[in-house]
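Chemist: Okay, handing you the structure first.
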Amino acid sequence: MIETIDITKQFDNIRAVDRVTATIRDGSVFGLIGSNGAGKSTFLRMVAGILKPDGGKITVDGEEIFENTDRKRRIFYISDEQYFFPNSTPKAMRDYYAKVYGSFDKNRFDTLMKNFGLDLNRKINTFSKGMKKQVSVICAISAKTEYIFCDETFDGLDPVMRQAVKSLFAADMQDRGLTPVIASHNLRELEDICDHVGLLHRGGILLSKDLDDMKLGIHKIQCVFNEQKTKEDFSAFSVLSFEKRSSLYTLTVKGTREEIEGRIASMNPVFSELLPLSLEEIFISETEVCGYDVQKLLF
C-alpha cells in the first residue's frame, strides 16, 4: 500500500502540489484526474521517488520511498514525455531494464513486441508517438513490478491498442496483484477501468473516493414545476450546479438518492427524474465549486 500524508512540492514561487493526502490500495486501479497544471505529474514523480517532497511523507508498505532503492524497484514509472537512451533499440532497453529489475521477463518482452508488431532492432527514435508508448508499456509489464505509474499513457494510442493495454493490466492484476496508478485527462477512459479516483485541482486534492461511492453521493436532477423557481428555492439541497432552460430545471447535487428524491417530492414537481453522472460531469461539478468554471473561461 502507498500512502501520502500532507505532501507538498514547490518550484520557485509555484506550489505544484499542496498538502495532498491519499491512499493507494494494493490490487486496485487508482485513477488520478485533474485540471491542467493541477500537479498530477509532479505527484506521480514524488510517489515514484524521482522527486523529493518539500514537506509531508510518502511511504510504500511503511517505508519512505525517496532514495530507497528496494522500494523503487517495486515501481515502474511511464512518463508522459517518452524518454529512451539516444539511438537505442527496444532490445537495448530490454537489456537495460533487465539489469535494473531482477524480475524482468525477457521472454515476455520479446513475445509482446512480436504480438504488437514492433521491431526489436529498430531505433526507437524512428517510432511514432503511439509506438513509443507501446514500447514503454511492454517494458513496464515485463518488469513485473507491483506498481505501474502511468502518466497520460493512453494518449497517442489508437482504440485497439488502448484496449490491448487495459487487457494486459487486467491480466496482471488477476495473476500477480498488479496495482496500476493512472493519471489522465481522458475521464471516460478512466471511468471504464478505475476502482478509486483522486481529484486534484491547483495542487490540492478535492476528493479521493471509490468511484462507485462517488457516483452514489452526487446526482443530477431534471424537474419541471407549475410555477417559476429560483436557485434559492433549492436551498435545502447541496447544489453543485444549477441550470434553467424554459420550464426545465437541471441541478447537480450532493446527497443520497433517498434524501434527494424526498426533497424533490416535497416541492410537488410536475415531473422529476434522477440521472446517472459520468466521471466527467462529477469532475466539472466539483471543480466549478472551486472556481474552475467553463462559463468564466468563455466569457
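Numbering starts fresh at 1 for the residues of each chain in the C-alpha cells, the chains themselves are lettered A, B, ... in the order given, and ligands are numbered from 1 as they appear.
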Distance table requested - region 129-213 of chain A against region 34-39 of chain A, cut-off 6 Å, only C-alpha atoms: one row per qualifying residue with the closest atom pair and its distance in Å to one decimal, ordered by chain and rising residue number, as CSV.

Modeler:
```
residue,atom,partner,partner_atom,distance
A:Leu199,CA,A:Gly34,CA,5.5
A:Leu200,CA,A:Gly34,CA,4.6
A:His201,CA,A:Ala38,CA,4.7
A:Arg202,CA,A:Ala38,CA,4.4
A:Gly203,CA,A:Ala38,CA,5.0
```

Chemist: May I have the residues from that selection written out with N, CA and C atoms, as a PDB file, in the first residue's frame?

Modeler:
```pdb
ATOM      1  N   LEU A 199      -9.058  13.350  -7.168  1.00  0.00           N
ATOM      2  CA  LEU A 199      -9.282  14.549  -7.976  1.00  0.00           C
ATOM      3  C   LEU A 199      -8.393  15.677  -7.469  1.00  0.00           C
ATOM      4  N   LEU A 200      -7.435  16.084  -8.301  1.00  0.00           N
ATOM      5  CA  LEU A 200      -6.526  17.177  -7.970  1.00  0.00           C
ATOM      6  C   LEU A 200      -6.984  18.454  -8.655  1.00  0.00           C
ATOM      7  N   HIS A 201      -6.801  19.578  -7.963  1.00  0.00           N
ATOM      8  CA  HIS A 201      -7.115  20.880  -8.547  1.00  0.00           C
ATOM      9  C   HIS A 201      -6.212  21.924  -7.922  1.00  0.00           C
ATOM     10  N   ARG A 202      -5.423  22.583  -8.788  1.00  0.00           N
ATOM     11  CA  ARG A 202      -4.499  23.631  -8.338  1.00  0.00           C
ATOM     12  C   ARG A 202      -3.605  23.163  -7.202  1.00  0.00           C
ATOM     13  N   GLY A 203      -3.088  21.953  -7.367  1.00  0.00           N
ATOM     14  CA  GLY A 203      -2.117  21.419  -6.417  1.00  0.00           C
ATOM     15  C   GLY A 203      -2.692  20.715  -5.220  1.00  0.00           C
TER      16      GLY A 203
END
```

Chemist: Write out as a PDB file with N, CA and C atoms, in the first residue's frame which residues come within 9 Å of Ile58 (chain A) when counting only C-alpha atoms, dropping same-chain ones fewer than 4 positions away.

Modeler:
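Heads up, here's the output in result_11.pdb:
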```pdb
ATOM      1  N   ILE A   2       0.444   2.243  -0.776  1.00  0.00           N
ATOM      2  CA  ILE A   2       1.157   3.515  -0.844  1.00  0.00           C
ATOM      3  C   ILE A   2       0.341   4.572  -0.104  1.00  0.00           C
ATOM      4  N   GLU A   3       1.015   5.332   0.733  1.00  0.00           N
ATOM      5  CA  GLU A   3       0.338   6.407   1.451  1.00  0.00           C
ATOM      6  C   GLU A   3       1.108   7.713   1.285  1.00  0.00           C
ATOM      7  N   THR A   4       0.400   8.775   1.020  1.00  0.00           N
ATOM      8  CA  THR A   4       0.987  10.115   1.028  1.00  0.00           C
ATOM      9  C   THR A   4       0.276  10.932   2.107  1.00  0.00           C
ATOM     10  N   ILE A   5       1.052  11.633   2.897  1.00  0.00           N
ATOM     11  CA  ILE A   5       0.490  12.409   4.005  1.00  0.00           C
ATOM     12  C   ILE A   5       0.979  13.847   3.901  1.00  0.00           C
ATOM     13  N   ASP A   6       0.060  14.752   3.558  1.00  0.00           N
ATOM     14  CA  ASP A   6       0.341  16.194   3.510  1.00  0.00           C
ATOM     15  C   ASP A   6       1.580  16.536   2.682  1.00  0.00           C
ATOM     16  N   ILE A   7       1.740  15.899   1.523  1.00  0.00           N
ATOM     17  CA  ILE A   7       2.937  16.170   0.728  1.00  0.00           C
ATOM     18  C   ILE A   7       2.788  17.467  -0.059  1.00  0.00           C
ATOM     19  N   MET A  46       6.836  12.266  -7.411  1.00  0.00           N
ATOM     20  CA  MET A  46       7.187  12.173  -5.995  1.00  0.00           C
ATOM     21  C   MET A  46       6.891  10.781  -5.451  1.00  0.00           C
ATOM     22  N   VAL A  47       5.740  10.230  -5.805  1.00  0.00           N
ATOM     23  CA  VAL A  47       5.372   8.906  -5.307  1.00  0.00           C
ATOM     24  C   VAL A  47       6.303   7.837  -5.873  1.00  0.00           C
ATOM     25  N   GLY A  49       9.398   8.320  -6.278  1.00  0.00           N
ATOM     26  CA  GLY A  49      10.715   8.526  -5.682  1.00  0.00           C
ATOM     27  C   GLY A  49      11.673   9.299  -6.558  1.00  0.00           C
ATOM     28  N   PRO A  53       9.633  15.333  -1.895  1.00  0.00           N
ATOM     29  CA  PRO A  53       8.670  16.351  -1.464  1.00  0.00           C
ATOM     30  C   PRO A  53       9.320  17.373  -0.552  1.00  0.00           C
ATOM     31  N   GLY A  62       4.950   1.173   4.448  1.00  0.00           N
ATOM     32  CA  GLY A  62       5.523   1.690   5.689  1.00  0.00           C
ATOM     33  C   GLY A  62       6.899   2.293   5.584  1.00  0.00           C
ATOM     34  N   GLU A  63       7.576   2.146   4.421  1.00  0.00           N
ATOM     35  CA  GLU A  63       8.922   2.708   4.264  1.00  0.00           C
ATOM     36  C   GLU A  63       8.897   3.879   3.297  1.00  0.00           C
ATOM     37  N   GLU A  64       9.622   4.952   3.634  1.00  0.00           N
ATOM     38  CA  GLU A  64       9.666   6.111   2.758  1.00  0.00           C
ATOM     39  C   GLU A  64      10.337   5.744   1.436  1.00  0.00           C
ATOM     40  N   ILE A  65       9.841   6.369   0.352  1.00  0.00           N
ATOM     41  CA  ILE A  65      10.250   5.957  -0.988  1.00  0.00           C
ATOM     42  C   ILE A  65      11.518   6.652  -1.479  1.00  0.00           C
ATOM     43  N   PHE A  66      11.724   7.921  -1.114  1.00  0.00           N
ATOM     44  CA  PHE A  66      12.832   8.668  -1.704  1.00  0.00           C
ATOM     45  C   PHE A  66      14.176   8.084  -1.276  1.00  0.00           C
TER      46      PHE A  66
END
```

Chemist: Name all residues at most 9 Å from Ser208 (chain A) (count only C-alpha atoms; drop same-chain ones fewer than 6 positions away) and give them as a list in words.

Modeler: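 Skipping anything fewer than 6 positions along the chain leaves Thr21, Ala22, Thr23, His196, Val197, Gly198, Leu199, Leu200 and Met214 of chain A.
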
Chemist: Take the residues from that selection and put them in a file with C-alpha atoms, as a PDB file, in the first residue's frame.

Modeler:
```pdb
ATOM      1  CA  THR A  21      -3.043  13.099   1.403  1.00  0.00           C
ATOM      2  CA  ALA A  22      -4.064   9.917  -0.419  1.00  0.00           C
ATOM      3  CA  THR A  23      -4.020   6.124  -0.071  1.00  0.00           C
ATOM      4  CA  HIS A 196     -10.690   4.594  -6.898  1.00  0.00           C
ATOM      5  CA  VAL A 197     -10.310   8.172  -8.095  1.00  0.00           C
ATOM      6  CA  GLY A 198      -8.309  11.089  -6.721  1.00  0.00           C
ATOM      7  CA  LEU A 199      -9.282  14.549  -7.976  1.00  0.00           C
ATOM      8  CA  LEU A 200      -6.526  17.177  -7.970  1.00  0.00           C
ATOM      9  CA  MET A 214     -18.528   8.936  -5.585  1.00  0.00           C
TER      10      MET A 214
END
```

Chemist: Could you check the closest approach to Ser272 (chain A) for each of A:Lys91, A:Ile221, A:Ala171, A:Glu258 and tell me which residue wins, using only C-alpha atoms?

Modeler: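 Once distances to Ser272 (chain A) are computed over only C-alpha atoms, the minimum belongs to A:Ile221.
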
Chemist: If we count only C-alpha atoms and set the cut-off at 10 Å, which residues sit around region 97-109 of chain A, ignoring sequence neighbours fewer than 4 positions away in its own chain? Please answer as an MDAnalysis selection string.

Modeler: chainID A and resid 72:76 90:93 113:115 120 135 138:145

Chemist: Would you list the contacts of region 226-234 of chain A as a list of chain:residue names, taking every protein, DNA or RNA residue within 8 Å and counting only C-alpha atoms, but skipping same-chain residues closer than 5 positions in sequence?

Modeler: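 Everything that qualifies: A:Val239, A:Phe242, A:Ser247, A:Pro269, A:Val270.
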
Chemist: Taking only C-alpha atoms into account, which of A:Ser28, A:Ala265, A:Glu259, A:Asp54 comes nearest Asp12 (chain A)?

Modeler: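 Of A:Ser28, A:Ala265, A:Glu259, A:Asp54, the one nearest Asp12 (chain A) is A:Asp54, counting only C-alpha atoms.
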
Chemist: Got a sec to tell me which of region 10-240 of chain A DSSP assigns to helix (DSSP H, G or I), as number ranges by chain?

Modeler: A: 40-47, 69-72, 90-100, 106-115, 124-126, 129-143, 159-176, 187-193, 211-217, 231-234

Chemist: Within 6 Å of region 176-178 of chain A, counting only C-alpha atoms, which residues show up once you throw out same-chain ones fewer than 2 positions away? Write them as a list in words, please.

Modeler: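 The residues satisfying every condition are Gly27, Glu146, Tyr147, Asp172, Met173 and Gln174 of chain A.
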
Chemist: Which residues are close to Thr256 (chain A), i.e. within 8 Å by only C-alpha atoms, leaving aside same-chain residues fewer than 2 positions away? Reply as a PDB file with C-alpha atoms, in the first residue's frame.

Modeler:
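around-v4.pdb written:
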```pdb
ATOM      1  CA  LEU A 216     -23.707   7.361  -5.201  1.00  0.00           C
ATOM      2  CA  GLY A 217     -23.031  10.666  -3.451  1.00  0.00           C
ATOM      3  CA  ILE A 218     -23.607  13.042  -6.401  1.00  0.00           C
ATOM      4  CA  LYS A 254     -24.744  16.081  -3.280  1.00  0.00           C
ATOM      5  CA  GLU A 258     -33.331   8.759  -0.962  1.00  0.00           C
ATOM      6  CA  GLU A 259     -32.675  12.221   0.514  1.00  0.00           C
ATOM      7  CA  ILE A 260     -32.794  13.924  -2.873  1.00  0.00           C
TER       8      ILE A 260
END
```

Chemist: Closest to Asn87 (chain A) among A:Lys132, A:Lys123, A:Arg263, A:Lys166, using only C-alpha atoms?

Modeler: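 Using only C-alpha atoms, the shortest distance to Asn87 (chain A) belongs to A:Lys123.
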